[in-house]
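Novice: See entry.cif below, with mmCIF, N, CA and C atoms.
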```
data_coords
loop_
_atom_site.label_atom_id
_atom_site.label_comp_id
_atom_site.auth_asym_id
_atom_site.auth_seq_id
_atom_site.Cartn_x
_atom_site.Cartn_y
_atom_site.Cartn_z
N MET A 243 -47.24 -44.41 -38.80
CA MET A 243 -48.30 -43.99 -37.90
C MET A 243 -47.70 -43.66 -36.55
N LEU A 244 -48.19 -42.58 -35.96
CA LEU A 244 -47.75 -42.17 -34.63
C LEU A 244 -48.85 -42.47 -33.62
N VAL A 245 -48.50 -43.07 -32.53
CA VAL A 245 -49.45 -43.30 -31.44
C VAL A 245 -48.75 -42.92 -30.15
N ARG A 246 -49.35 -42.01 -29.40
CA ARG A 246 -48.79 -41.56 -28.12
C ARG A 246 -49.93 -41.38 -27.13
N SER A 247 -49.62 -41.52 -25.88
CA SER A 247 -50.60 -41.22 -24.84
C SER A 247 -50.03 -40.12 -23.96
N LEU A 248 -50.90 -39.48 -23.22
CA LEU A 248 -50.47 -38.42 -22.31
C LEU A 248 -49.47 -38.96 -21.30
N THR A 249 -49.63 -40.19 -20.86
CA THR A 249 -48.68 -40.76 -19.91
C THR A 249 -47.29 -40.91 -20.52
N ASP A 250 -47.21 -41.06 -21.85
CA ASP A 250 -45.90 -41.12 -22.52
C ASP A 250 -45.17 -39.78 -22.44
N ILE A 251 -45.92 -38.68 -22.36
CA ILE A 251 -45.37 -37.33 -22.43
C ILE A 251 -44.98 -36.80 -21.05
N LYS A 252 -45.78 -37.11 -20.04
CA LYS A 252 -45.57 -36.54 -18.70
C LYS A 252 -44.16 -36.86 -18.21
N GLY A 253 -43.47 -35.80 -17.72
CA GLY A 253 -42.14 -35.94 -17.17
C GLY A 253 -41.02 -35.95 -18.20
N THR A 254 -41.35 -35.76 -19.48
CA THR A 254 -40.33 -35.71 -20.54
C THR A 254 -40.08 -34.26 -20.94
N ASP A 255 -39.18 -34.05 -21.90
CA ASP A 255 -38.92 -32.71 -22.42
C ASP A 255 -40.14 -32.12 -23.11
N ALA A 256 -41.09 -32.95 -23.51
CA ALA A 256 -42.32 -32.47 -24.16
C ALA A 256 -43.39 -32.07 -23.13
N ASP A 257 -43.08 -32.17 -21.86
CA ASP A 257 -43.96 -31.75 -20.76
C ASP A 257 -43.41 -30.41 -20.28
N VAL A 258 -43.92 -29.31 -20.88
CA VAL A 258 -43.31 -27.99 -20.72
C VAL A 258 -44.07 -27.17 -19.69
N GLU A 259 -43.34 -26.69 -18.70
CA GLU A 259 -43.89 -25.87 -17.62
C GLU A 259 -43.73 -24.40 -17.98
N GLY A 260 -44.85 -23.64 -17.91
CA GLY A 260 -44.80 -22.23 -18.26
C GLY A 260 -45.24 -21.29 -17.15
N GLY A 261 -45.23 -21.74 -15.89
CA GLY A 261 -45.66 -20.88 -14.80
C GLY A 261 -47.16 -20.91 -14.62
N ASN A 262 -47.88 -20.16 -15.45
CA ASN A 262 -49.35 -20.12 -15.41
C ASN A 262 -49.98 -21.35 -16.06
N TRP A 263 -49.17 -22.13 -16.76
CA TRP A 263 -49.69 -23.25 -17.54
C TRP A 263 -48.69 -24.39 -17.61
N ASN A 264 -49.19 -25.56 -17.96
CA ASN A 264 -48.37 -26.73 -18.23
C ASN A 264 -48.85 -27.30 -19.56
N SER A 265 -47.94 -27.43 -20.51
CA SER A 265 -48.29 -27.87 -21.86
C SER A 265 -47.63 -29.22 -22.14
N ARG A 266 -48.46 -30.23 -22.37
CA ARG A 266 -47.98 -31.56 -22.72
C ARG A 266 -48.09 -31.67 -24.23
N ARG A 267 -46.96 -31.69 -24.89
CA ARG A 267 -46.91 -31.56 -26.36
C ARG A 267 -46.87 -32.94 -27.00
N LEU A 268 -48.00 -33.31 -27.54
CA LEU A 268 -48.19 -34.66 -28.08
C LEU A 268 -47.63 -34.84 -29.47
N LEU A 269 -47.74 -33.81 -30.31
CA LEU A 269 -47.16 -33.82 -31.65
C LEU A 269 -46.34 -32.55 -31.81
N LEU A 270 -45.17 -32.68 -32.39
CA LEU A 270 -44.25 -31.55 -32.56
C LEU A 270 -43.74 -31.48 -33.99
N ALA A 271 -42.99 -30.43 -34.28
CA ALA A 271 -42.48 -30.21 -35.64
C ALA A 271 -41.73 -31.44 -36.16
N GLY A 272 -40.95 -32.06 -35.32
CA GLY A 272 -40.17 -33.23 -35.72
C GLY A 272 -41.00 -34.42 -36.16
N ASP A 273 -42.29 -34.40 -35.84
CA ASP A 273 -43.18 -35.49 -36.26
C ASP A 273 -43.64 -35.34 -37.71
N GLY A 274 -43.37 -34.18 -38.33
CA GLY A 274 -43.64 -33.99 -39.74
C GLY A 274 -45.11 -33.84 -40.13
N MET A 275 -45.96 -33.47 -39.19
CA MET A 275 -47.39 -33.33 -39.48
C MET A 275 -47.76 -31.94 -40.01
N GLY A 276 -46.89 -30.95 -39.83
CA GLY A 276 -47.20 -29.60 -40.27
C GLY A 276 -47.93 -28.78 -39.22
N PHE A 277 -48.24 -29.38 -38.08
CA PHE A 277 -48.86 -28.69 -36.95
C PHE A 277 -48.40 -29.38 -35.68
N SER A 278 -48.59 -28.73 -34.54
CA SER A 278 -48.33 -29.39 -33.27
C SER A 278 -49.62 -29.45 -32.48
N LEU A 279 -49.71 -30.44 -31.60
CA LEU A 279 -50.91 -30.69 -30.80
C LEU A 279 -50.49 -30.78 -29.34
N HIS A 280 -51.15 -29.95 -28.51
CA HIS A 280 -50.78 -29.84 -27.10
C HIS A 280 -52.01 -30.06 -26.22
N ASP A 281 -51.82 -30.71 -25.09
CA ASP A 281 -52.82 -30.83 -24.04
C ASP A 281 -52.32 -29.91 -22.93
N THR A 282 -53.03 -28.79 -22.72
CA THR A 282 -52.53 -27.73 -21.85
C THR A 282 -53.47 -27.48 -20.68
N ILE A 283 -52.89 -27.33 -19.50
CA ILE A 283 -53.63 -26.99 -18.29
C ILE A 283 -53.29 -25.54 -17.94
N LEU A 284 -54.32 -24.69 -17.86
CA LEU A 284 -54.16 -23.32 -17.36
C LEU A 284 -54.48 -23.35 -15.87
N ARG A 285 -53.66 -22.70 -15.07
CA ARG A 285 -53.86 -22.75 -13.62
C ARG A 285 -54.87 -21.71 -13.14
N GLU A 286 -55.72 -22.15 -12.24
CA GLU A 286 -56.77 -21.31 -11.66
C GLU A 286 -56.21 -19.99 -11.15
N GLY A 287 -56.95 -18.90 -11.44
CA GLY A 287 -56.60 -17.58 -10.93
C GLY A 287 -55.49 -16.87 -11.68
N THR A 288 -55.01 -17.44 -12.78
CA THR A 288 -53.91 -16.81 -13.52
C THR A 288 -54.42 -16.04 -14.73
N THR A 289 -53.65 -15.05 -15.11
CA THR A 289 -53.87 -14.31 -16.35
C THR A 289 -52.57 -14.38 -17.15
N THR A 290 -52.68 -14.84 -18.38
CA THR A 290 -51.50 -15.03 -19.21
C THR A 290 -51.60 -14.13 -20.45
N PRO A 291 -50.65 -13.18 -20.62
CA PRO A 291 -50.63 -12.37 -21.85
C PRO A 291 -50.00 -13.19 -22.97
N ILE A 292 -50.69 -13.24 -24.12
CA ILE A 292 -50.23 -14.04 -25.24
C ILE A 292 -50.38 -13.24 -26.54
N HIS A 293 -49.38 -13.37 -27.39
CA HIS A 293 -49.44 -12.74 -28.71
C HIS A 293 -48.62 -13.57 -29.67
N TYR A 294 -49.23 -14.59 -30.25
CA TYR A 294 -48.53 -15.48 -31.16
C TYR A 294 -48.35 -14.78 -32.51
N GLN A 295 -47.23 -14.10 -32.66
CA GLN A 295 -46.94 -13.37 -33.89
C GLN A 295 -46.43 -14.30 -34.99
N ASN A 296 -45.92 -15.47 -34.60
CA ASN A 296 -45.29 -16.39 -35.55
C ASN A 296 -46.08 -17.67 -35.78
N HIS A 297 -47.22 -17.80 -35.11
CA HIS A 297 -48.02 -19.01 -35.18
C HIS A 297 -49.51 -18.67 -35.21
N LEU A 298 -50.28 -19.54 -35.84
CA LEU A 298 -51.74 -19.52 -35.70
C LEU A 298 -52.08 -20.61 -34.69
N GLU A 299 -53.13 -20.36 -33.89
CA GLU A 299 -53.50 -21.33 -32.86
C GLU A 299 -55.01 -21.52 -32.86
N ALA A 300 -55.43 -22.77 -32.74
CA ALA A 300 -56.82 -23.12 -32.48
C ALA A 300 -56.84 -23.85 -31.14
N VAL A 301 -57.87 -23.54 -30.32
CA VAL A 301 -57.93 -24.06 -28.96
C VAL A 301 -59.33 -24.61 -28.71
N TYR A 302 -59.39 -25.82 -28.17
CA TYR A 302 -60.65 -26.47 -27.82
C TYR A 302 -60.64 -26.77 -26.33
N CYS A 303 -61.61 -26.21 -25.60
CA CYS A 303 -61.69 -26.39 -24.16
C CYS A 303 -62.39 -27.72 -23.85
N ILE A 304 -61.76 -28.53 -23.00
CA ILE A 304 -62.39 -29.80 -22.61
C ILE A 304 -62.74 -29.85 -21.12
N GLU A 305 -62.16 -28.96 -20.31
CA GLU A 305 -62.49 -28.88 -18.88
C GLU A 305 -62.23 -27.48 -18.40
N GLY A 306 -63.07 -26.99 -17.45
CA GLY A 306 -62.79 -25.73 -16.78
C GLY A 306 -63.58 -24.56 -17.31
N HIS A 307 -63.05 -23.36 -17.03
CA HIS A 307 -63.72 -22.11 -17.41
C HIS A 307 -62.65 -21.02 -17.48
N ALA A 308 -62.61 -20.33 -18.61
CA ALA A 308 -61.65 -19.26 -18.82
C ALA A 308 -62.32 -18.15 -19.63
N THR A 309 -61.64 -17.01 -19.72
CA THR A 309 -62.08 -15.90 -20.56
C THR A 309 -60.89 -15.48 -21.41
N VAL A 310 -61.16 -15.30 -22.71
CA VAL A 310 -60.17 -14.72 -23.61
C VAL A 310 -60.55 -13.26 -23.78
N GLU A 311 -59.60 -12.36 -23.53
CA GLU A 311 -59.81 -10.92 -23.67
C GLU A 311 -58.88 -10.40 -24.75
N LEU A 312 -59.46 -9.85 -25.82
CA LEU A 312 -58.64 -9.29 -26.89
C LEU A 312 -58.03 -7.98 -26.45
N VAL A 313 -56.78 -7.76 -26.85
CA VAL A 313 -56.05 -6.53 -26.55
C VAL A 313 -55.77 -5.84 -27.87
N PRO A 314 -56.08 -4.58 -28.02
CA PRO A 314 -56.48 -3.63 -26.98
C PRO A 314 -57.98 -3.41 -26.87
N SER A 315 -58.80 -4.08 -27.64
CA SER A 315 -60.24 -3.75 -27.69
C SER A 315 -60.96 -4.05 -26.37
N GLY A 316 -60.48 -5.04 -25.61
CA GLY A 316 -61.14 -5.42 -24.38
C GLY A 316 -62.31 -6.36 -24.58
N GLU A 317 -62.60 -6.74 -25.83
CA GLU A 317 -63.69 -7.67 -26.10
C GLU A 317 -63.37 -9.01 -25.44
N LYS A 318 -64.39 -9.60 -24.76
CA LYS A 318 -64.19 -10.82 -23.98
C LYS A 318 -65.06 -11.95 -24.50
N PHE A 319 -64.51 -13.17 -24.40
CA PHE A 319 -65.21 -14.37 -24.83
C PHE A 319 -65.10 -15.41 -23.73
N GLU A 320 -66.24 -15.93 -23.28
CA GLU A 320 -66.26 -16.98 -22.27
C GLU A 320 -65.88 -18.30 -22.93
N ILE A 321 -65.00 -19.04 -22.28
CA ILE A 321 -64.54 -20.32 -22.79
C ILE A 321 -64.89 -21.39 -21.77
N LYS A 322 -65.72 -22.33 -22.19
CA LYS A 322 -66.15 -23.45 -21.34
C LYS A 322 -66.01 -24.73 -22.15
N PRO A 323 -66.14 -25.89 -21.52
CA PRO A 323 -66.03 -27.15 -22.27
C PRO A 323 -66.95 -27.17 -23.50
N GLY A 324 -66.37 -27.59 -24.62
CA GLY A 324 -67.10 -27.63 -25.88
C GLY A 324 -66.92 -26.40 -26.74
N THR A 325 -66.17 -25.42 -26.24
CA THR A 325 -65.92 -24.17 -26.97
C THR A 325 -64.58 -24.23 -27.68
N VAL A 326 -64.56 -23.79 -28.93
CA VAL A 326 -63.30 -23.66 -29.67
C VAL A 326 -63.11 -22.18 -30.01
N TYR A 327 -61.86 -21.73 -29.95
CA TYR A 327 -61.54 -20.40 -30.47
C TYR A 327 -60.27 -20.51 -31.30
N ALA A 328 -60.19 -19.67 -32.32
CA ALA A 328 -59.04 -19.69 -33.22
C ALA A 328 -58.48 -18.28 -33.34
N LEU A 329 -57.19 -18.16 -33.15
CA LEU A 329 -56.49 -16.88 -33.24
C LEU A 329 -55.97 -16.72 -34.66
N ASN A 330 -56.92 -16.54 -35.57
CA ASN A 330 -56.62 -16.52 -37.00
C ASN A 330 -55.97 -15.23 -37.48
N LEU A 331 -55.94 -14.22 -36.62
CA LEU A 331 -55.31 -12.94 -37.00
C LEU A 331 -54.11 -12.64 -36.10
N ASN A 332 -53.51 -13.71 -35.52
CA ASN A 332 -52.40 -13.53 -34.57
C ASN A 332 -52.80 -12.57 -33.45
N ASP A 333 -54.05 -12.72 -33.00
CA ASP A 333 -54.64 -11.79 -32.04
C ASP A 333 -53.86 -11.73 -30.72
N LYS A 334 -53.54 -10.52 -30.30
CA LYS A 334 -52.95 -10.29 -28.98
C LYS A 334 -54.09 -10.43 -27.98
N HIS A 335 -53.86 -11.20 -26.89
CA HIS A 335 -54.95 -11.45 -25.96
C HIS A 335 -54.45 -11.78 -24.56
N LEU A 336 -55.36 -11.71 -23.62
CA LEU A 336 -55.13 -12.16 -22.26
C LEU A 336 -56.00 -13.38 -22.04
N LEU A 337 -55.44 -14.37 -21.40
CA LEU A 337 -56.18 -15.59 -21.10
C LEU A 337 -56.34 -15.67 -19.58
N HIS A 338 -57.58 -15.54 -19.10
CA HIS A 338 -57.90 -15.56 -17.68
C HIS A 338 -58.48 -16.93 -17.33
N ALA A 339 -57.83 -17.67 -16.45
CA ALA A 339 -58.33 -18.98 -16.02
C ALA A 339 -59.07 -18.81 -14.70
N HIS A 340 -60.37 -19.03 -14.71
CA HIS A 340 -61.19 -18.87 -13.49
C HIS A 340 -61.05 -20.08 -12.59
N VAL A 341 -60.82 -21.25 -13.17
CA VAL A 341 -60.53 -22.50 -12.47
C VAL A 341 -59.46 -23.20 -13.30
N ASP A 342 -58.89 -24.28 -12.77
CA ASP A 342 -57.98 -25.05 -13.62
C ASP A 342 -58.73 -25.41 -14.90
N THR A 343 -58.13 -25.12 -16.04
CA THR A 343 -58.80 -25.27 -17.33
C THR A 343 -57.92 -26.08 -18.27
N ARG A 344 -58.50 -27.09 -18.87
CA ARG A 344 -57.76 -27.97 -19.78
C ARG A 344 -58.17 -27.68 -21.21
N MET A 345 -57.17 -27.43 -22.05
CA MET A 345 -57.38 -27.07 -23.45
C MET A 345 -56.57 -28.00 -24.35
N VAL A 346 -57.10 -28.27 -25.53
CA VAL A 346 -56.34 -28.95 -26.57
C VAL A 346 -56.00 -27.86 -27.59
N CYS A 347 -54.71 -27.66 -27.84
CA CYS A 347 -54.23 -26.56 -28.67
C CYS A 347 -53.51 -27.10 -29.90
N VAL A 348 -53.78 -26.47 -31.04
CA VAL A 348 -53.13 -26.84 -32.30
C VAL A 348 -52.40 -25.60 -32.82
N PHE A 349 -51.12 -25.77 -33.14
CA PHE A 349 -50.30 -24.66 -33.64
C PHE A 349 -49.84 -24.94 -35.07
N ASN A 350 -49.88 -23.87 -35.88
CA ASN A 350 -49.35 -23.90 -37.23
C ASN A 350 -48.55 -22.62 -37.42
N PRO A 351 -47.26 -22.70 -37.77
CA PRO A 351 -46.49 -23.92 -37.93
C PRO A 351 -46.30 -24.64 -36.59
N ALA A 352 -45.91 -25.87 -36.68
CA ALA A 352 -45.69 -26.68 -35.49
C ALA A 352 -44.58 -26.09 -34.64
N VAL A 353 -44.71 -26.25 -33.32
CA VAL A 353 -43.62 -25.86 -32.43
C VAL A 353 -42.62 -27.01 -32.35
N VAL A 354 -41.39 -26.67 -31.99
CA VAL A 354 -40.32 -27.66 -31.85
C VAL A 354 -40.52 -28.45 -30.56
N GLY A 355 -40.94 -27.75 -29.51
CA GLY A 355 -41.20 -28.44 -28.26
C GLY A 355 -40.71 -27.72 -27.03
N ASN A 356 -39.70 -26.87 -27.18
CA ASN A 356 -39.12 -26.19 -26.02
C ASN A 356 -39.63 -24.76 -25.84
N GLU A 357 -40.56 -24.32 -26.65
CA GLU A 357 -40.99 -22.92 -26.64
C GLU A 357 -41.75 -22.58 -25.36
N VAL A 358 -41.46 -21.41 -24.84
CA VAL A 358 -42.25 -20.76 -23.80
C VAL A 358 -42.44 -19.32 -24.24
N HIS A 359 -43.43 -18.65 -23.69
CA HIS A 359 -43.71 -17.26 -24.07
C HIS A 359 -42.57 -16.35 -23.62
N ASP A 360 -42.21 -15.41 -24.49
CA ASP A 360 -41.24 -14.40 -24.08
C ASP A 360 -41.96 -13.29 -23.31
N GLU A 361 -41.27 -12.21 -23.03
CA GLU A 361 -41.86 -11.12 -22.23
C GLU A 361 -43.06 -10.47 -22.92
N ASN A 362 -43.23 -10.69 -24.22
CA ASN A 362 -44.38 -10.14 -24.95
C ASN A 362 -45.45 -11.19 -25.23
N GLY A 363 -45.31 -12.39 -24.66
CA GLY A 363 -46.28 -13.45 -24.88
C GLY A 363 -46.12 -14.15 -26.21
N VAL A 364 -44.92 -14.09 -26.80
CA VAL A 364 -44.67 -14.62 -28.14
C VAL A 364 -43.83 -15.88 -28.05
N TYR A 365 -44.15 -16.90 -28.88
CA TYR A 365 -43.25 -18.01 -29.12
C TYR A 365 -42.30 -17.58 -30.23
N PRO A 366 -41.04 -18.02 -30.19
CA PRO A 366 -40.13 -17.65 -31.27
C PRO A 366 -40.58 -18.24 -32.61
N ALA A 367 -40.13 -17.62 -33.68
CA ALA A 367 -40.38 -18.18 -35.01
C ALA A 367 -39.73 -19.56 -35.08
N PRO A 368 -40.28 -20.48 -35.86
CA PRO A 368 -39.74 -21.85 -35.90
C PRO A 368 -38.24 -21.94 -36.12
N ALA A 369 -37.65 -21.13 -36.97
CA ALA A 369 -36.21 -21.19 -37.22
C ALA A 369 -35.40 -20.76 -36.01
N GLN A 370 -36.02 -19.99 -35.08
CA GLN A 370 -35.32 -19.53 -33.89
C GLN A 370 -35.41 -20.51 -32.74
N ALA A 371 -36.37 -21.43 -32.77
CA ALA A 371 -36.52 -22.41 -31.70
C ALA A 371 -35.45 -23.48 -31.84
N THR A 372 -35.01 -24.00 -30.73
CA THR A 372 -34.00 -25.05 -30.77
C THR A 372 -34.52 -26.27 -30.02
N SER A 373 -34.06 -27.42 -30.44
CA SER A 373 -34.50 -28.65 -29.77
C SER A 373 -33.45 -29.15 -28.81
#
```
Using the file provided, produce a representation of the structure as structure tokens.
Specialist:
Amino acid sequence: MLVRSLTDIKGTDADVEGGNWNSRRLLLAGDGMGFSLHDTILREGTTTPIHYQNHLEAVYCIEGHATVELVPSGEKFEIKPGTVYALNLNDKHLLHAHVDTRMVCVFNPAVVGNEVHDENGVYPAPAQATS
């Protein structure tokens, strides 16, 4: 059984800074669960281009307010506490944080822990990530 708290993660290698966001990675590939679980803060006033080509992601908002904008269609979805969205088609999108926004994110396959978005908003494929 694994038991971790957010305070266990803060300030460690699993506390990943991404500029527009800070991702505290509670479960990672090395934990053997088949998915990773992140507590992520999006910073107010930021727009983050994301295109997870190698991962599926589900996101549950617990604090704040953001908008997900699909690219290239421009379709927008308001994200507030209690809202979940799933990028089941590896959807290319922009994430606009209107205020500091806290999300719980689940990735499949699991991330290793050191991933940050590349210039196209992509995390590397699991075999390309290093610990």
Novice: Where does the PyMOL selection byres ((chain A and resi 291-303) around 6) land in this file, that is, which residues does it pick, as a CSV table (one decimal) with N, CA and C atoms, in the frame of the given file?
Specialist:
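The resulting file, result-v9.csv, is reproduced below:
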```
chain,number,residue,atom,x,y,z
A,289,THR,N,-53.6,-15.0,-15.1
A,289,THR,CA,-53.9,-14.3,-16.4
A,289,THR,C,-52.6,-14.4,-17.2
A,290,THR,N,-52.7,-14.8,-18.4
A,290,THR,CA,-51.5,-15.0,-19.2
A,290,THR,C,-51.6,-14.1,-20.4
A,304,ILE,N,-61.8,-28.5,-23.0
A,304,ILE,CA,-62.4,-29.8,-22.6
A,304,ILE,C,-62.7,-29.8,-21.1
A,305,GLU,N,-62.2,-29.0,-20.3
A,305,GLU,CA,-62.5,-28.9,-18.9
A,305,GLU,C,-62.2,-27.5,-18.4
A,322,LYS,N,-65.7,-22.3,-22.2
A,322,LYS,CA,-66.2,-23.4,-21.3
A,322,LYS,C,-66.0,-24.7,-22.2
A,323,PRO,N,-66.1,-25.9,-21.5
A,323,PRO,CA,-66.0,-27.2,-22.3
A,323,PRO,C,-67.0,-27.2,-23.5
A,324,GLY,N,-66.4,-27.6,-24.6
A,324,GLY,CA,-67.1,-27.6,-25.9
A,324,GLY,C,-66.9,-26.4,-26.7
A,325,THR,N,-66.2,-25.4,-26.2
A,325,THR,CA,-65.9,-24.2,-27.0
A,325,THR,C,-64.6,-24.2,-27.7
A,326,VAL,N,-64.6,-23.8,-28.9
A,326,VAL,CA,-63.3,-23.7,-29.7
A,326,VAL,C,-63.1,-22.2,-30.0
A,327,TYR,N,-61.9,-21.7,-30.0
A,327,TYR,CA,-61.5,-20.4,-30.5
A,327,TYR,C,-60.3,-20.5,-31.3
A,328,ALA,N,-60.2,-19.7,-32.3
A,328,ALA,CA,-59.0,-19.7,-33.2
A,328,ALA,C,-58.5,-18.3,-33.3
A,329,LEU,N,-57.2,-18.2,-33.2
A,329,LEU,CA,-56.5,-16.9,-33.2
A,329,LEU,C,-56.0,-16.7,-34.7
A,330,ASN,N,-56.9,-16.5,-35.6
A,330,ASN,CA,-56.6,-16.5,-37.0
A,330,ASN,C,-56.0,-15.2,-37.5
A,332,ASN,N,-53.5,-13.7,-35.5
A,332,ASN,CA,-52.4,-13.5,-34.6
A,332,ASN,C,-52.8,-12.6,-33.4
A,333,ASP,N,-54.0,-12.7,-33.0
A,333,ASP,CA,-54.6,-11.8,-32.0
A,333,ASP,C,-53.9,-11.7,-30.7
A,334,LYS,N,-53.5,-10.5,-30.3
A,334,LYS,CA,-53.0,-10.3,-29.0
A,334,LYS,C,-54.1,-10.4,-28.0
A,335,HIS,N,-53.9,-11.2,-26.9
A,335,HIS,CA,-55.0,-11.4,-26.0
A,335,HIS,C,-54.4,-11.8,-24.6
A,336,LEU,N,-55.4,-11.7,-23.6
A,336,LEU,CA,-55.1,-12.2,-22.3
A,336,LEU,C,-56.0,-13.4,-22.0
A,337,LEU,N,-55.4,-14.4,-21.4
A,337,LEU,CA,-56.2,-15.6,-21.1
A,337,LEU,C,-56.3,-15.7,-19.6
A,344,ARG,N,-58.5,-27.1,-18.9
A,344,ARG,CA,-57.8,-28.0,-19.8
A,344,ARG,C,-58.2,-27.7,-21.2
A,345,MET,N,-57.2,-27.4,-22.0
A,345,MET,CA,-57.4,-27.1,-23.4
A,345,MET,C,-56.6,-28.0,-24.4
A,346,VAL,N,-57.1,-28.3,-25.5
A,346,VAL,CA,-56.3,-29.0,-26.6
A,346,VAL,C,-56.0,-27.9,-27.6
A,347,CYS,N,-54.7,-27.7,-27.8
A,347,CYS,CA,-54.2,-26.6,-28.7
A,347,CYS,C,-53.5,-27.1,-29.9
A,348,VAL,N,-53.8,-26.5,-31.0
A,348,VAL,CA,-53.1,-26.8,-32.3
A,348,VAL,C,-52.4,-25.6,-32.8
A,349,PHE,N,-51.1,-25.8,-33.1
A,349,PHE,CA,-50.3,-24.7,-33.6
A,349,PHE,C,-49.8,-24.9,-35.1
A,350,ASN,N,-49.9,-23.9,-35.9
A,350,ASN,CA,-49.4,-23.9,-37.2
A,350,ASN,C,-48.6,-22.6,-37.4
A,351,PRO,N,-47.3,-22.7,-37.8
A,351,PRO,CA,-46.5,-23.9,-37.9
A,351,PRO,C,-46.3,-24.6,-36.6
A,362,ASN,N,-43.2,-10.7,-24.2
A,362,ASN,CA,-44.4,-10.1,-25.0
A,362,ASN,C,-45.4,-11.2,-25.2
A,363,GLY,N,-45.3,-12.4,-24.7
A,363,GLY,CA,-46.3,-13.4,-24.9
A,363,GLY,C,-46.1,-14.2,-26.2
A,364,VAL,N,-44.9,-14.1,-26.8
A,364,VAL,CA,-44.7,-14.6,-28.1
A,364,VAL,C,-43.8,-15.9,-28.0
A,365,TYR,N,-44.2,-16.9,-28.9
A,365,TYR,CA,-43.2,-18.0,-29.1
A,365,TYR,C,-42.3,-17.6,-30.2
A,366,PRO,N,-41.0,-18.0,-30.2
A,366,PRO,CA,-40.1,-17.6,-31.3
A,366,PRO,C,-40.6,-18.2,-32.6
A,367,ALA,N,-40.1,-17.6,-33.7
A,367,ALA,CA,-40.4,-18.2,-35.0
A,367,ALA,C,-39.7,-19.6,-35.1
```
Novice: Considering only C-alpha atoms, state which residue in the set A:Arg246, A:Arg266, A:His307, A:His338 is at the smallest distance from Gly287 (chain A).
Specialist: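 Smallest separation from Gly287 (chain A) among the options: A:His338.
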Novice: Could you tell me how far atom C of Lys252 (chain A) lies from CA of Asn264 (chain A), in Å and to one decimal?
Specialist: 11.0 Å
Novice: Could you check how far CA of Ser265 (chain A) sits from CA of Pro314 (chain A), in Å to one decimal?
Specialist: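 The value is 26.1 Å.
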Novice: I'd like to know which of A:Arg267, A:His340, A:Val358, A:Met275 is closest to Asp255 (chain A), using all atoms listed in the file.
Specialist: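 Using all atoms listed in the file, Asp255 (chain A) sits closest to A:Arg267.
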Novice: One decimal, in Å: what's the spacing between CA of Thr288 (chain A) and atom N of Trp263 (chain A)?
Specialist: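 Interatomic distance here is 7.8 Å.
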Novice: Please expand the PyMOL selection byres ((chain A and resi 270) around 8) into the concrete residues it hits in this file, giving the result as a list in words.
Specialist: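 Here the PyMOL selection byres ((chain A and resi 270) around 8) matches Arg267, Leu268, Leu269, Ala271, Gly272, Asp273, Gly274, Met275, Gly276, Phe277, Ser278, Leu279, His280, Pro351, Ala352, Val353, Val354 and Gly355 of chain A.
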Novice: Mind checking DSSP for chain A and telling me the alpha helix (DSSP H) residues as a list of chain:residue names?
Specialist: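 Matching residues for alpha helix (DSSP H) in chain A are A:Leu248, A:Thr249, A:Asp250, A:Ile251.
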Novice: Emit the selected residues as a short mmCIF file (atom, residue, chain, number, x, y, z; two decimals), keeping the file's coordinate frame, including N, CA and C atoms.
Specialist:
```cif
data_model
loop_
_atom_site.label_atom_id
_atom_site.label_comp_id
_atom_site.auth_asym_id
_atom_site.auth_seq_id
_atom_site.Cartn_x
_atom_site.Cartn_y
_atom_site.Cartn_z
N LEU A 248 -50.90 -39.48 -23.22
CA LEU A 248 -50.47 -38.42 -22.31
C LEU A 248 -49.47 -38.96 -21.30
N THR A 249 -49.63 -40.19 -20.86
CA THR A 249 -48.68 -40.76 -19.91
C THR A 249 -47.29 -40.91 -20.52
N ASP A 250 -47.21 -41.06 -21.85
CA ASP A 250 -45.90 -41.12 -22.52
C ASP A 250 -45.17 -39.78 -22.44
N ILE A 251 -45.92 -38.68 -22.36
CA ILE A 251 -45.37 -37.33 -22.43
C ILE A 251 -44.98 -36.80 -21.05
#
```
Novice: From a backbone DSSP assignment, name each residue in region 246-341 of chain A labelled strand (DSSP E or B), as a VMD selection string.
Specialist: chain A and resid 257 to 259 263 to 269 278 to 284 289 to 292 298 to 305 308 to 312 318 to 321 326 to 329 335 to 339
Novice: Would you please work out which residue, of A:Asp342, A:Glu286, A:Asp281, A:Glu320, is nearest to Gly306 (chain A) when using all atoms listed in the file?
Specialist: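 Residue with the minimum atom-to-atom distance to Gly306 (chain A): A:Asp342.
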